[in-house]
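Data block for protein.txt (compact mmCIF, C-alpha atoms):
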# COMPACT_ATOMS: atom_id res chain seq x y z
CA MET A 1 -10.22 4.12 -22.95
CA ASP A 2 -12.84 6.20 -21.16
CA ARG A 3 -15.14 3.19 -20.97
CA PHE A 4 -12.42 0.84 -19.67
CA PHE A 5 -11.02 3.15 -16.98
CA LYS A 6 -14.28 5.06 -16.32
CA LEU A 7 -12.46 8.38 -16.66
CA LYS A 8 -15.53 10.64 -16.79
CA GLU A 9 -17.18 8.78 -13.93
CA ASN A 10 -14.09 9.47 -11.80
CA GLY A 11 -13.85 13.09 -12.93
CA THR A 12 -10.49 12.80 -14.70
CA THR A 13 -8.91 12.84 -18.18
CA VAL A 14 -6.21 10.90 -20.04
CA ARG A 15 -3.77 13.81 -19.71
CA THR A 16 -4.40 14.14 -15.97
CA GLU A 17 -3.92 10.40 -15.44
CA ILE A 18 -0.66 10.28 -17.41
CA MET A 19 0.77 13.28 -15.56
CA ALA A 20 -0.29 11.74 -12.25
CA GLY A 21 1.43 8.47 -13.19
CA ILE A 22 4.67 10.25 -14.06
CA THR A 23 4.48 12.14 -10.76
CA THR A 24 4.11 8.88 -8.83
CA PHE A 25 7.09 7.41 -10.68
CA MET A 26 9.24 10.44 -9.94
CA THR A 27 8.47 10.27 -6.21
CA MET A 28 9.29 6.57 -5.89
CA ALA A 29 12.04 6.21 -8.52
CA TYR A 30 14.62 6.36 -5.73
CA ILE A 31 13.84 2.70 -5.04
CA LEU A 32 15.70 1.84 -8.27
CA ALA A 33 18.92 2.98 -6.59
CA VAL A 34 18.17 2.22 -2.95
CA ASN A 35 16.93 -1.36 -3.32
CA PRO A 36 19.99 -2.67 -5.23
CA SER A 37 22.23 -0.82 -2.76
CA ILE A 38 20.58 -2.55 0.21
CA LEU A 39 20.16 -6.05 -1.21
CA SER A 40 23.61 -6.22 -2.82
CA ALA A 41 25.04 -6.05 0.71
CA SER A 42 23.40 -9.43 1.37
CA GLY A 43 25.27 -11.09 -1.47
CA LEU A 44 22.89 -10.55 -4.37
CA SER A 45 24.19 -9.00 -7.60
CA TRP A 46 23.55 -5.25 -7.92
CA THR A 47 22.53 -5.62 -11.56
CA ALA A 48 20.24 -8.56 -10.83
CA VAL A 49 18.45 -6.62 -8.09
CA PHE A 50 18.14 -3.52 -10.28
CA LEU A 51 16.53 -5.56 -13.08
CA ALA A 52 14.23 -7.32 -10.61
CA THR A 53 13.24 -4.01 -8.99
CA ALA A 54 12.33 -2.33 -12.28
CA LEU A 55 10.56 -5.42 -13.64
CA ALA A 56 8.59 -6.16 -10.48
CA ALA A 57 7.53 -2.52 -10.06
CA GLY A 58 6.61 -2.22 -13.73
CA ILE A 59 4.73 -5.51 -14.12
CA PHE A 60 2.70 -5.53 -10.92
CA THR A 61 1.87 -1.82 -11.05
CA ILE A 62 0.49 -2.33 -14.55
CA VAL A 63 -1.47 -5.35 -13.29
CA MET A 64 -2.90 -3.17 -10.51
CA GLY A 65 -4.04 -0.63 -13.09
CA LEU A 66 -5.53 -3.14 -15.52
CA PHE A 67 -7.34 -5.48 -13.15
CA VAL A 68 -8.26 -3.20 -10.23
CA ASN A 69 -8.44 0.23 -11.90
CA PHE A 70 -6.62 1.59 -8.85
CA PRO A 71 -4.08 4.48 -8.99
CA VAL A 72 -1.57 2.72 -6.71
CA ALA A 73 1.96 1.62 -7.64
CA LEU A 74 3.90 -1.34 -6.25
CA ALA A 75 7.64 -1.88 -5.78
CA PRO A 76 10.02 -3.62 -3.35
CA GLY A 77 9.15 -2.10 0.02
CA MET A 78 11.42 -0.12 2.29
CA GLY A 79 11.90 -1.74 5.67
CA LEU A 80 11.35 -5.26 4.45
CA ASN A 81 14.30 -4.98 2.05
CA ALA A 82 16.42 -3.73 4.96
CA TYR A 83 15.16 -6.58 7.14
CA PHE A 84 15.94 -9.04 4.34
CA ALA A 85 19.55 -7.86 4.05
CA ALA A 86 20.12 -7.46 7.80
CA THR A 87 18.80 -10.97 8.54
CA ILE A 88 21.08 -12.59 5.97
CA ILE A 89 24.13 -10.58 7.00
CA ALA A 90 23.58 -11.23 10.73
CA SER A 91 23.11 -14.95 10.14
CA GLN A 92 26.55 -15.38 8.57
CA SER A 93 28.20 -15.39 12.00
CA THR A 94 25.90 -18.16 13.28
CA ASP A 95 25.95 -21.94 12.92
CA THR A 96 23.00 -21.77 10.51
CA PRO A 97 23.70 -19.00 7.99
CA ILE A 98 20.86 -17.92 5.73
CA SER A 99 21.78 -17.56 2.07
CA PRO A 100 20.23 -14.99 -0.31
CA ALA A 101 18.45 -17.87 -2.06
CA MET A 102 16.92 -18.95 1.24
CA GLY A 103 15.88 -15.36 1.91
CA LEU A 104 14.11 -15.14 -1.45
CA THR A 105 12.46 -18.48 -0.72
CA ALA A 106 11.14 -17.06 2.56
CA VAL A 107 9.69 -14.07 0.69
CA PHE A 108 8.08 -16.39 -1.87
CA ILE A 109 6.48 -18.51 0.85
CA SER A 110 5.26 -15.40 2.69
CA GLY A 111 3.58 -14.34 -0.55
CA ILE A 112 1.77 -17.68 -0.77
CA ILE A 113 0.65 -17.33 2.86
CA PHE A 114 -0.41 -13.77 2.14
CA LEU A 115 -2.45 -14.93 -0.84
CA ILE A 116 -4.21 -17.60 1.26
CA LEU A 117 -4.93 -15.08 4.02
CA THR A 118 -6.38 -12.68 1.44
CA VAL A 119 -8.60 -15.25 -0.29
CA THR A 120 -9.91 -16.71 2.99
CA GLN A 121 -10.57 -13.27 4.53
CA ILE A 122 -8.36 -14.13 7.52
CA ARG A 123 -6.27 -11.13 6.57
CA GLN A 124 -9.07 -8.78 7.51
CA MET A 125 -9.44 -10.58 10.85
CA LEU A 126 -5.74 -10.12 11.62
CA ILE A 127 -5.93 -6.44 10.84
CA THR A 128 -8.84 -6.12 13.27
CA ALA A 129 -7.05 -8.21 15.91
CA VAL A 130 -4.08 -5.89 16.44
CA PRO A 131 -4.88 -2.60 18.25
CA ASP A 132 -4.41 0.56 16.20
CA SER A 133 -1.67 1.92 18.49
CA LEU A 134 0.43 -1.20 17.91
CA LYS A 135 -0.07 -0.96 14.15
CA HIS A 136 1.21 2.63 14.18
CA ALA A 137 4.09 1.62 16.46
CA ILE A 138 5.17 -1.01 13.91
CA THR A 139 5.39 1.71 11.25
CA VAL A 140 7.40 3.97 13.59
CA GLY A 141 9.72 1.15 14.63
CA ILE A 142 10.44 0.20 11.03
CA GLY A 143 11.14 3.88 10.32
CA LEU A 144 13.78 3.97 13.07
CA PHE A 145 15.16 0.65 11.83
CA ILE A 146 15.59 2.10 8.34
CA ALA A 147 17.12 5.33 9.67
CA ALA A 148 19.60 3.33 11.78
CA LEU A 149 20.56 1.34 8.69
CA GLY A 150 21.17 4.54 6.73
CA LEU A 151 23.24 6.04 9.57
CA LYS A 152 25.32 2.87 9.83
CA ASN A 153 25.84 2.47 6.07
CA SER A 154 26.95 6.09 5.69
CA GLY A 155 29.40 5.99 8.60
CA ILE A 156 27.60 8.76 10.49
CA MET A 157 26.89 6.18 13.17
CA SER A 158 29.88 4.07 14.10
CA ILE A 159 29.85 1.03 16.38
CA SER A 160 33.07 0.05 18.14
CA PRO A 161 33.60 -3.72 17.69
CA GLU A 162 35.49 -3.96 21.00
CA THR A 163 33.17 -2.03 23.32
CA MET A 164 29.98 -2.06 21.18
CA VAL A 165 29.64 1.64 21.97
CA ILE A 166 27.75 3.71 19.40
CA HIS A 167 29.34 7.02 18.48
CA MET A 168 29.45 9.53 15.65
CA GLY A 169 31.68 8.87 12.66
CA ASP A 170 34.42 11.11 11.27
CA LEU A 171 32.86 14.08 9.46
CA HIS A 172 36.00 14.35 7.32
CA THR A 173 35.23 11.00 5.71
CA PRO A 174 33.76 11.52 2.21
CA SER A 175 30.88 9.08 2.71
CA VAL A 176 29.91 10.85 5.94
CA TYR A 177 29.97 14.45 4.74
CA LEU A 178 28.34 13.52 1.44
CA THR A 179 25.50 11.87 3.36
CA VAL A 180 25.12 15.01 5.48
CA ILE A 181 24.96 17.07 2.27
CA GLY A 182 22.36 14.66 0.91
CA LEU A 183 20.30 15.00 4.08
CA LEU A 184 20.35 18.78 3.80
CA LEU A 185 19.44 18.71 0.10
CA ILE A 186 16.48 16.37 0.53
CA ALA A 187 15.30 18.17 3.68
CA VAL A 188 15.38 21.58 1.98
CA LEU A 189 13.49 20.22 -1.03
CA MET A 190 10.90 18.69 1.30
CA VAL A 191 10.50 22.00 3.13
CA LEU A 192 10.03 23.75 -0.21
CA ARG A 193 7.52 21.01 -1.15
CA VAL A 194 9.36 20.18 -4.35
CA PRO A 195 7.84 17.08 -6.00
CA ALA A 196 10.15 14.04 -6.02
CA ALA A 197 12.37 15.58 -3.32
CA PHE A 198 14.07 12.24 -2.65
CA LEU A 199 14.93 11.65 -6.29
CA TRP A 200 16.31 15.16 -6.84
CA GLY A 201 18.22 15.00 -3.56
CA ILE A 202 19.84 11.70 -4.55
CA LEU A 203 20.77 13.06 -7.98
CA GLY A 204 22.11 16.29 -6.46
CA THR A 205 24.29 14.36 -4.01
CA THR A 206 25.61 12.25 -6.88
CA VAL A 207 26.63 15.36 -8.83
CA ILE A 208 28.36 16.81 -5.75
CA ALA A 209 30.21 13.51 -5.21
CA TRP A 210 31.43 13.70 -8.82
CA LEU A 211 32.47 17.37 -8.57
CA THR A 212 34.42 16.72 -5.36
CA GLY A 213 36.27 13.77 -6.87
CA ASN A 214 34.48 11.17 -4.73
CA LEU A 215 32.82 9.31 -7.57
CA ASP A 216 34.82 6.94 -9.74
CA VAL A 217 32.69 6.99 -12.88
CA LYS A 218 34.80 4.42 -14.71
CA ALA A 219 34.60 1.91 -11.85
CA ALA A 220 30.86 2.51 -11.35
CA LEU A 221 30.12 1.86 -15.02
CA THR A 222 32.26 -1.26 -15.29
CA GLY A 223 30.06 -4.12 -16.46
CA GLN A 224 27.01 -1.91 -16.96
CA THR A 225 25.16 -1.80 -20.28
CA TRP A 226 22.30 0.33 -21.57
CA VAL A 227 20.52 -2.74 -22.94
CA PRO A 228 19.30 -4.93 -20.06
CA ASN A 229 20.73 -8.44 -19.91
CA PHE A 230 17.91 -10.49 -18.45
CA GLY A 231 20.24 -13.45 -18.24
CA GLU A 232 21.65 -11.81 -15.09
CA LEU A 233 18.30 -12.02 -13.30
CA ASN A 234 18.14 -14.23 -10.21
CA PHE A 235 15.03 -15.84 -11.68
CA TRP A 236 13.54 -18.56 -9.43
CA HIS A 237 16.67 -18.31 -7.25
CA PHE A 238 15.25 -20.43 -4.45
CA ASP A 239 16.58 -22.93 -1.90
CA PHE A 240 13.60 -24.87 -0.60
CA ALA A 241 15.85 -27.51 0.96
CA GLY A 242 17.44 -25.01 3.32
CA ILE A 243 14.38 -23.07 4.52
CA MET A 244 13.89 -25.24 7.61
CA ASN A 245 17.08 -23.89 9.17
CA VAL A 246 16.78 -22.24 12.58
CA GLY A 247 15.20 -18.82 12.31
CA ILE A 248 13.76 -19.14 8.82
CA VAL A 249 10.22 -19.67 10.14
CA THR A 250 10.47 -16.40 12.04
CA VAL A 251 11.72 -14.67 8.88
CA VAL A 252 8.74 -15.94 6.87
CA LEU A 253 6.26 -14.91 9.56
CA THR A 254 7.85 -11.48 9.92
CA PHE A 255 7.63 -10.79 6.20
CA THR A 256 3.98 -11.84 6.28
CA PHE A 257 3.11 -9.95 9.47
CA VAL A 258 4.75 -6.63 8.57
CA GLU A 259 3.53 -6.67 4.98
CA LEU A 260 0.02 -7.36 6.28
CA PHE A 261 -0.27 -4.03 8.08
CA ASP A 262 1.96 -2.03 5.78
CA THR A 263 -0.17 -2.79 2.73
CA PHE A 264 -3.46 -2.36 4.56
CA GLY A 265 -2.50 1.11 5.75
CA THR A 266 -1.24 2.18 2.34
CA LEU A 267 -4.21 0.89 0.36
CA VAL A 268 -6.86 2.21 2.73
CA GLY A 269 -5.06 5.54 3.06
CA THR A 270 -4.72 6.07 -0.69
CA ALA A 271 -8.31 4.89 -1.27
CA ASN A 272 -9.51 7.48 1.22
CA ARG A 273 -7.46 10.21 -0.41
CA ALA A 274 -8.80 9.28 -3.86
CA GLY A 275 -12.37 9.42 -2.54
CA PHE A 276 -13.15 5.73 -3.11
CA MET A 277 -14.26 5.18 0.47
CA LYS A 278 -17.15 7.65 0.11
CA ASN A 279 -18.98 4.57 -1.10
CA PRO A 280 -17.83 2.11 1.62
CA GLU A 281 -19.14 -0.99 -0.16
CA GLU A 282 -17.43 -0.18 -3.47
CA GLY A 283 -14.32 1.07 -1.68
CA LYS A 284 -13.85 -2.13 0.33
CA LYS A 285 -14.39 -4.23 -2.77
CA ARG A 286 -11.72 -2.31 -4.68
CA VAL A 287 -9.26 -2.42 -1.79
CA GLY A 288 -9.88 -6.18 -1.53
CA LYS A 289 -8.95 -6.65 -5.19
CA ALA A 290 -5.88 -4.47 -4.70
CA MET A 291 -4.82 -6.65 -1.76
CA PHE A 292 -5.03 -9.71 -3.99
CA VAL A 293 -2.75 -8.14 -6.62
CA ASP A 294 -0.38 -7.04 -3.85
CA ALA A 295 -0.21 -10.60 -2.52
CA VAL A 296 0.60 -11.97 -5.99
CA GLY A 297 3.28 -9.28 -6.28
CA VAL A 298 5.06 -10.54 -3.15
CA SER A 299 5.70 -14.01 -4.60
CA GLY A 300 6.15 -12.63 -8.11
CA GLY A 301 8.85 -10.26 -6.94
CA ALA A 302 10.66 -13.11 -5.18
CA ILE A 303 10.56 -15.15 -8.41
CA LEU A 304 12.22 -12.23 -10.19
CA GLY A 305 14.83 -11.95 -7.43
CA THR A 306 13.89 -9.14 -5.07
CA SER A 307 12.54 -8.72 -1.55
CA THR A 308 8.88 -8.12 -0.73
CA VAL A 309 6.91 -6.10 -3.30
CA THR A 310 4.24 -3.92 -1.73
CA ALA A 311 1.96 -0.95 -2.38
CA PHE A 312 3.85 2.34 -2.09
CA VAL A 313 2.55 5.22 -0.01
CA GLU A 314 4.23 7.55 -2.54
CA SER A 315 1.27 6.74 -4.79
CA SER A 316 -0.55 9.48 -2.89
CA SER A 317 1.58 12.04 -4.78
CA GLY A 318 -0.01 10.97 -8.05
CA ILE A 319 -3.46 10.98 -6.46
CA ALA A 320 -2.78 14.52 -5.26
CA GLN A 321 -2.10 15.41 -8.92
CA GLY A 322 -5.56 14.16 -9.87
CA GLY A 323 -4.92 10.47 -10.56
CA ARG A 324 -8.10 8.49 -9.95
CA THR A 325 -7.95 5.37 -12.16
CA GLY A 326 -5.75 2.49 -13.20
CA LEU A 327 -4.38 4.58 -16.07
CA THR A 328 -2.25 6.38 -13.47
CA ALA A 329 -0.81 3.06 -12.29
CA ILE A 330 -0.21 1.84 -15.84
CA THR A 331 1.70 5.03 -16.66
CA THR A 332 3.87 4.55 -13.58
CA GLY A 333 4.47 0.91 -14.47
CA VAL A 334 5.53 1.77 -18.02
CA CYS A 335 8.00 4.32 -16.62
CA PHE A 336 9.57 1.59 -14.45
CA LEU A 337 9.91 -0.71 -17.45
CA LEU A 338 11.58 2.07 -19.44
CA ALA A 339 13.97 2.53 -16.51
CA LEU A 340 15.43 -0.89 -17.35
CA PHE A 341 17.49 0.96 -19.96
CA LEU A 342 18.96 3.38 -17.38
CA ALA A 343 21.07 0.95 -15.34
CA PRO A 344 24.38 2.77 -16.03
CA LEU A 345 22.95 6.05 -14.70
CA VAL A 346 21.55 4.40 -11.58
CA ALA A 347 24.88 2.60 -11.01
CA LEU A 348 26.61 5.98 -10.69
CA ILE A 349 24.65 6.87 -7.55
CA PRO A 350 26.96 6.55 -4.51
CA GLY A 351 25.99 4.81 -1.28
CA SER A 352 26.04 8.11 0.60
CA ALA A 353 23.16 9.39 -1.55
CA THR A 354 21.00 6.33 -0.91
CA ALA A 355 21.92 6.42 2.80
CA ALA A 356 20.57 9.96 3.06
CA ALA A 357 17.31 8.80 1.46
CA LEU A 358 17.05 5.90 3.93
CA ILE A 359 17.43 8.20 6.93
CA LEU A 360 14.70 10.57 5.76
CA VAL A 361 12.36 7.74 4.76
CA GLY A 362 12.60 6.93 8.46
CA LEU A 363 11.38 10.46 9.17
CA LEU A 364 8.27 9.95 7.05
CA MET A 365 7.44 6.70 8.80
CA MET A 366 7.98 8.32 12.21
CA GLN A 367 4.97 10.56 11.57
CA SER A 368 2.69 7.72 12.68
CA VAL A 369 3.87 8.25 16.27
CA LYS A 370 1.18 10.92 16.72
CA ASP A 371 -1.52 8.24 16.34
CA ILE A 372 -0.26 6.11 19.25
CA ASP A 373 -2.21 6.36 22.52
CA PHE A 374 0.61 7.04 24.98
CA LYS A 375 -1.81 8.09 27.73
CA ASP A 376 -3.06 4.55 28.16
CA MET A 377 -0.22 2.35 29.44
CA VAL A 378 -1.81 -0.83 28.12
CA TYR A 379 -1.18 0.53 24.64
CA ALA A 380 1.82 2.74 25.44
CA VAL A 381 4.11 0.05 26.89
CA PRO A 382 3.74 -2.46 24.00
CA SER A 383 4.06 0.38 21.48
CA PHE A 384 7.24 1.55 23.21
CA PHE A 385 8.68 -1.96 23.14
CA ILE A 386 7.93 -2.25 19.43
CA ILE A 387 9.55 1.09 18.64
CA VAL A 388 12.77 0.61 20.64
CA MET A 389 13.35 -3.11 20.09
CA MET A 390 13.39 -2.88 16.30
CA PRO A 391 16.37 -0.51 15.91
CA PHE A 392 18.22 -1.46 19.14
CA THR A 393 18.16 -5.22 18.46
CA PHE A 394 18.31 -4.56 14.71
CA ASN A 395 15.43 -6.93 14.18
CA ILE A 396 11.86 -6.08 13.15
CA ALA A 397 10.55 -9.43 14.40
CA ASN A 398 11.80 -8.79 17.94
CA GLY A 399 9.90 -5.51 18.10
CA ILE A 400 6.62 -7.03 16.92
CA SER A 401 7.06 -10.02 19.24
CA PHE A 402 7.63 -7.91 22.38
CA GLY A 403 4.69 -5.70 21.44
CA VAL A 404 2.19 -8.52 20.88
CA VAL A 405 3.10 -10.52 24.00
CA SER A 406 3.24 -7.48 26.31
CA TYR A 407 -0.14 -6.23 25.06
CA VAL A 408 -1.84 -9.57 25.73
CA VAL A 409 -0.32 -9.78 29.24
CA LEU A 410 -1.03 -6.16 30.21
CA ALA A 411 -4.55 -6.13 28.76
CA LEU A 412 -5.37 -9.37 30.61
CA ILE A 413 -4.06 -8.01 33.92
CA ALA A 414 -5.91 -4.70 33.45
CA ASN A 415 -9.15 -6.53 32.71
CA LEU A 416 -8.79 -8.84 35.72
CA ALA A 417 -7.98 -5.88 37.98
CA GLY A 418 -10.94 -3.89 36.73
CA LYS A 419 -8.70 -1.18 35.31
CA SER A 420 -10.26 -1.40 31.87
CA GLY A 421 -10.04 1.59 29.59
CA ALA A 422 -7.62 3.35 31.97
CA GLY A 423 -10.60 4.43 34.05
CA THR A 424 -12.26 6.20 31.12
CA GLY A 425 -15.27 3.91 30.96
CA LYS A 426 -14.27 2.49 27.60
CA GLY A 427 -14.95 -1.03 28.81
CA LYS A 428 -12.61 -3.99 28.84
CA TYR A 429 -9.53 -4.10 26.65
CA VAL A 430 -10.20 -6.30 23.65
CA ILE A 431 -7.86 -9.26 23.26
CA HIS A 432 -8.73 -10.87 19.96
CA PRO A 433 -8.37 -14.69 19.87
CA LEU A 434 -5.75 -14.32 17.13
CA MET A 435 -3.67 -12.15 19.48
CA TRP A 436 -3.66 -15.03 21.96
CA ILE A 437 -2.55 -17.41 19.23
CA LEU A 438 0.21 -15.04 18.10
CA ALA A 439 1.40 -14.52 21.68
CA VAL A 440 1.62 -18.26 22.36
CA LEU A 441 3.46 -18.89 19.08
CA ILE A 442 5.92 -16.08 19.83
CA VAL A 443 6.67 -17.37 23.34
CA LEU A 444 7.18 -20.91 22.04
CA ARG A 445 9.42 -19.57 19.29
CA TYR A 446 11.76 -17.85 21.76
CA LEU A 447 11.74 -20.78 24.19
CA MET A 448 12.57 -23.31 21.47
CA LEU A 449 14.77 -21.31 19.13
CA GLY A 450 16.32 -18.70 21.38
CA ALA A 451 17.06 -15.07 20.51
CA GLY A 452 16.44 -13.70 17.04
Could you spell out this file's structure in structure tokens?
Amino acid sequence: MDRFFKLKENGTTVRTEIMAGITTFMTMAYILAVNPSILSASGLSWTAVFLATALAAGIFTIVMGLFVNFPVALAPGMGLNAYFAATIIASQSTDTPISPAMGLTAVFISGIIFLILTVTQIRQMLITAVPDSLKHAITVGIGLFIAALGLKNSGIMSISPETMVIHMGDLHTPSVYLTVIGLLLIAVLMVLRVPAAFLWGILGTTVIAWLTGNLDVKAALTGQTWVPNFGELNFWHFDFAGIMNVGIVTVVLTFTFVELFDTFGTLVGTANRAGFMKNPEEGKKRVGKAMFVDAVGVSGGAILGTSTVTAFVESSSGIAQGGRTGLTAITTGVCFLLALFLAPLVALIPGSATAAALILVGLLMMQSVKDIDFKDMVYAVPSFFIIVMMPFTFNIANGISFGVVSYVVLALIANLAGKSGAGTGKGKYVIHPLMWILAVLIVLRYLMLGAG
């Protein structure tokens, strides 16, 4: 085992790796409850999504550990699962509704595109093409998008169907006050730096819901079994014939685009924290392999019946506990596979508990706002558009689109006017050729297909 995982070389032990893997699992186990809660709203079966979530996280995290020797776990990603559900739900009132099967097909195709981009090295070019401020703005915007979803699902944020005015929900409603309790629990645990604060907060809110008579245990457990029934999986639940409907191309591109930067940031960040980037050549090689596994996980997760699988930033908790090799990832993956036998317990968790987690996941993603250059308007304006358009139009693609096009236009004007670098002598603003291509495609998309 030492020879395979190079434990001594990485300054770690079997015990340390196993404990680190369990820590990572504990910090991201909330996805087992949150992902089925989000995707079931789009028409997918709760049980099917739970099985797909546990299987996808278990299988591809183990693959990451075995083939890359990297202490990073994968699971269906927050933000993209919300986008998946929101897109399908919003489309039902249009002339071209998108079915859950079509949504999974879009995720599968995005995985194939992602794999091609990874193998051909175009992925690295795209990451270089988009300015850092815009990358951070995408993370912030998705965070607000997720928080808005949690506020809406809990009833804390209510939207009047007649006037479309947003206002606060009734605090006397059980789902609302339970969500507020969940927010307080998770926030306090985070302040106290308790490991797995989200998981314990969700469980604590569930217990409070039960004690206050707001949890119907019998109804929650109806149809649930301790032994997983894999026959309920939405395996290869695709609709290739319907993917050419209006808007589906945008959905595919959005999944690909957002996952591109989300994974890059997570993998590079965790690699830095683990010390792999001290040797840049070896670090880049390992991150490249990890990106390949991540790309396979996107399509693999869709085959199993869940939204985009991606590297989880929560993996840093295991790294902080000393995890340095793939044994950490394998331990986490095994824990997810064992969780397949806990479906009845997960089914008990009320929507108010998962809504609280969604809102505070938004908080964590908001932290990237400090890395945006708001002093330079060429970066500030596109970043602002990205951040506000995502939650206010309830569409991640709109935010990215406004950001990319506005950056290309403003950077071009600044360069032509000699206002490069906001007068700081930084030279001309760089507009990568791929940014031009993206901008043109986005404009054509809106001209031909209308609003998203």
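Nearest to Ala411 of chain A of all the residues A:Gly351, A:Pro382, A:Pro36, A:Gly155 is A:Pro382, counting all atoms listed in the file.
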Nearest candidate to Leu183 of chain A (options A:Glu232, A:Ile359, A:Pro100, A:Ala196; using all atoms listed in the file): A:Ile359
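Taking atom CA of Trp200 of chain A and atom CA of Leu327 of chain A as the two end points, the separation is 25.0 Å.
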Using all atoms listed in the file, which protein or nucleic acid residues come within 8 Å of Phe145 of chain A? Drop anything in the same chain fewer than 6 positions from it, and give the result as a list of chain:residue names. A:Gly79, A:Gly362, A:Met390, A:Pro391, A:Phe394, A:Asn395, A:Ile396
Closest of A:Asn81, A:Thr61, A:Ser383, A:Ser352 to Cys335 of chain A - atom-to-atom distances counting all atoms listed in the file: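 For Cys335 of chain A, the nearest of the given residues is A:Thr61.
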Since the input is missing atoms for segment 50-55 of chain A, could you rebuild it with all heavy atoms and give the result as a PDB file, in the frame of the given file?
ATOM      1  N   PHE A  50      18.668  -4.667  -9.524  1.00  0.00           N
ATOM      2  CA  PHE A  50      18.140  -3.520 -10.280  1.00  0.00           C
ATOM      3  C   PHE A  50      17.111  -3.995 -11.300  1.00  0.00           C
ATOM      4  O   PHE A  50      16.014  -3.428 -11.410  1.00  0.00           O
ATOM      5  CB  PHE A  50      19.267  -2.776 -10.992  1.00  0.00           C
ATOM      6  CG  PHE A  50      18.775  -1.741 -11.969  1.00  0.00           C
ATOM      7  CD1 PHE A  50      18.343  -0.493 -11.530  1.00  0.00           C
ATOM      8  CD2 PHE A  50      18.705  -2.012 -13.342  1.00  0.00           C
ATOM      9  CE1 PHE A  50      17.854   0.453 -12.415  1.00  0.00           C
ATOM     10  CE2 PHE A  50      18.223  -1.071 -14.236  1.00  0.00           C
ATOM     11  CZ  PHE A  50      17.801   0.167 -13.775  1.00  0.00           C
ATOM     12  N   LEU A  51      17.452  -5.030 -12.064  1.00  0.00           N
ATOM     13  CA  LEU A  51      16.530  -5.560 -13.080  1.00  0.00           C
ATOM     14  C   LEU A  51      15.245  -6.069 -12.414  1.00  0.00           C
ATOM     15  O   LEU A  51      14.142  -5.812 -12.912  1.00  0.00           O
ATOM     16  CB  LEU A  51      17.203  -6.695 -13.846  1.00  0.00           C
ATOM     17  CG  LEU A  51      18.376  -6.317 -14.750  1.00  0.00           C
ATOM     18  CD1 LEU A  51      19.040  -7.572 -15.319  1.00  0.00           C
ATOM     19  CD2 LEU A  51      17.917  -5.406 -15.888  1.00  0.00           C
ATOM     20  N   ALA A  52      15.400  -6.785 -11.303  1.00  0.00           N
ATOM     21  CA  ALA A  52      14.230  -7.320 -10.610  1.00  0.00           C
ATOM     22  C   ALA A  52      13.351  -6.205 -10.054  1.00  0.00           C
ATOM     23  O   ALA A  52      12.115  -6.288 -10.100  1.00  0.00           O
ATOM     24  CB  ALA A  52      14.683  -8.239  -9.466  1.00  0.00           C
ATOM     25  N   THR A  53      13.987  -5.144  -9.551  1.00  0.00           N
ATOM     26  CA  THR A  53      13.240  -4.010  -8.990  1.00  0.00           C
ATOM     27  C   THR A  53      12.401  -3.330 -10.072  1.00  0.00           C
ATOM     28  O   THR A  53      11.199  -3.077  -9.884  1.00  0.00           O
ATOM     29  CB  THR A  53      14.194  -2.987  -8.360  1.00  0.00           C
ATOM     30  OG1 THR A  53      14.970  -3.626  -7.342  1.00  0.00           O
ATOM     31  CG2 THR A  53      13.424  -1.821  -7.749  1.00  0.00           C
ATOM     32  N   ALA A  54      13.036  -3.015 -11.189  1.00  0.00           N
ATOM     33  CA  ALA A  54      12.330  -2.330 -12.280  1.00  0.00           C
ATOM     34  C   ALA A  54      11.237  -3.215 -12.874  1.00  0.00           C
ATOM     35  O   ALA A  54      10.125  -2.747 -13.152  1.00  0.00           O
ATOM     36  CB  ALA A  54      13.330  -1.924 -13.372  1.00  0.00           C
ATOM     37  N   LEU A  55      11.543  -4.498 -13.068  1.00  0.00           N
ATOM     38  CA  LEU A  55      10.560  -5.420 -13.640  1.00  0.00           C
ATOM     39  C   LEU A  55       9.366  -5.627 -12.710  1.00  0.00           C
ATOM     40  O   LEU A  55       8.211  -5.560 -13.136  1.00  0.00           O
ATOM     41  CB  LEU A  55      11.219  -6.772 -13.936  1.00  0.00           C
ATOM     42  CG  LEU A  55      12.004  -6.898 -15.244  1.00  0.00           C
ATOM     43  CD1 LEU A  55      12.738  -8.238 -15.287  1.00  0.00           C
ATOM     44  CD2 LEU A  55      11.084  -6.762 -16.449  1.00  0.00           C
TER      45      LEU A  55
END
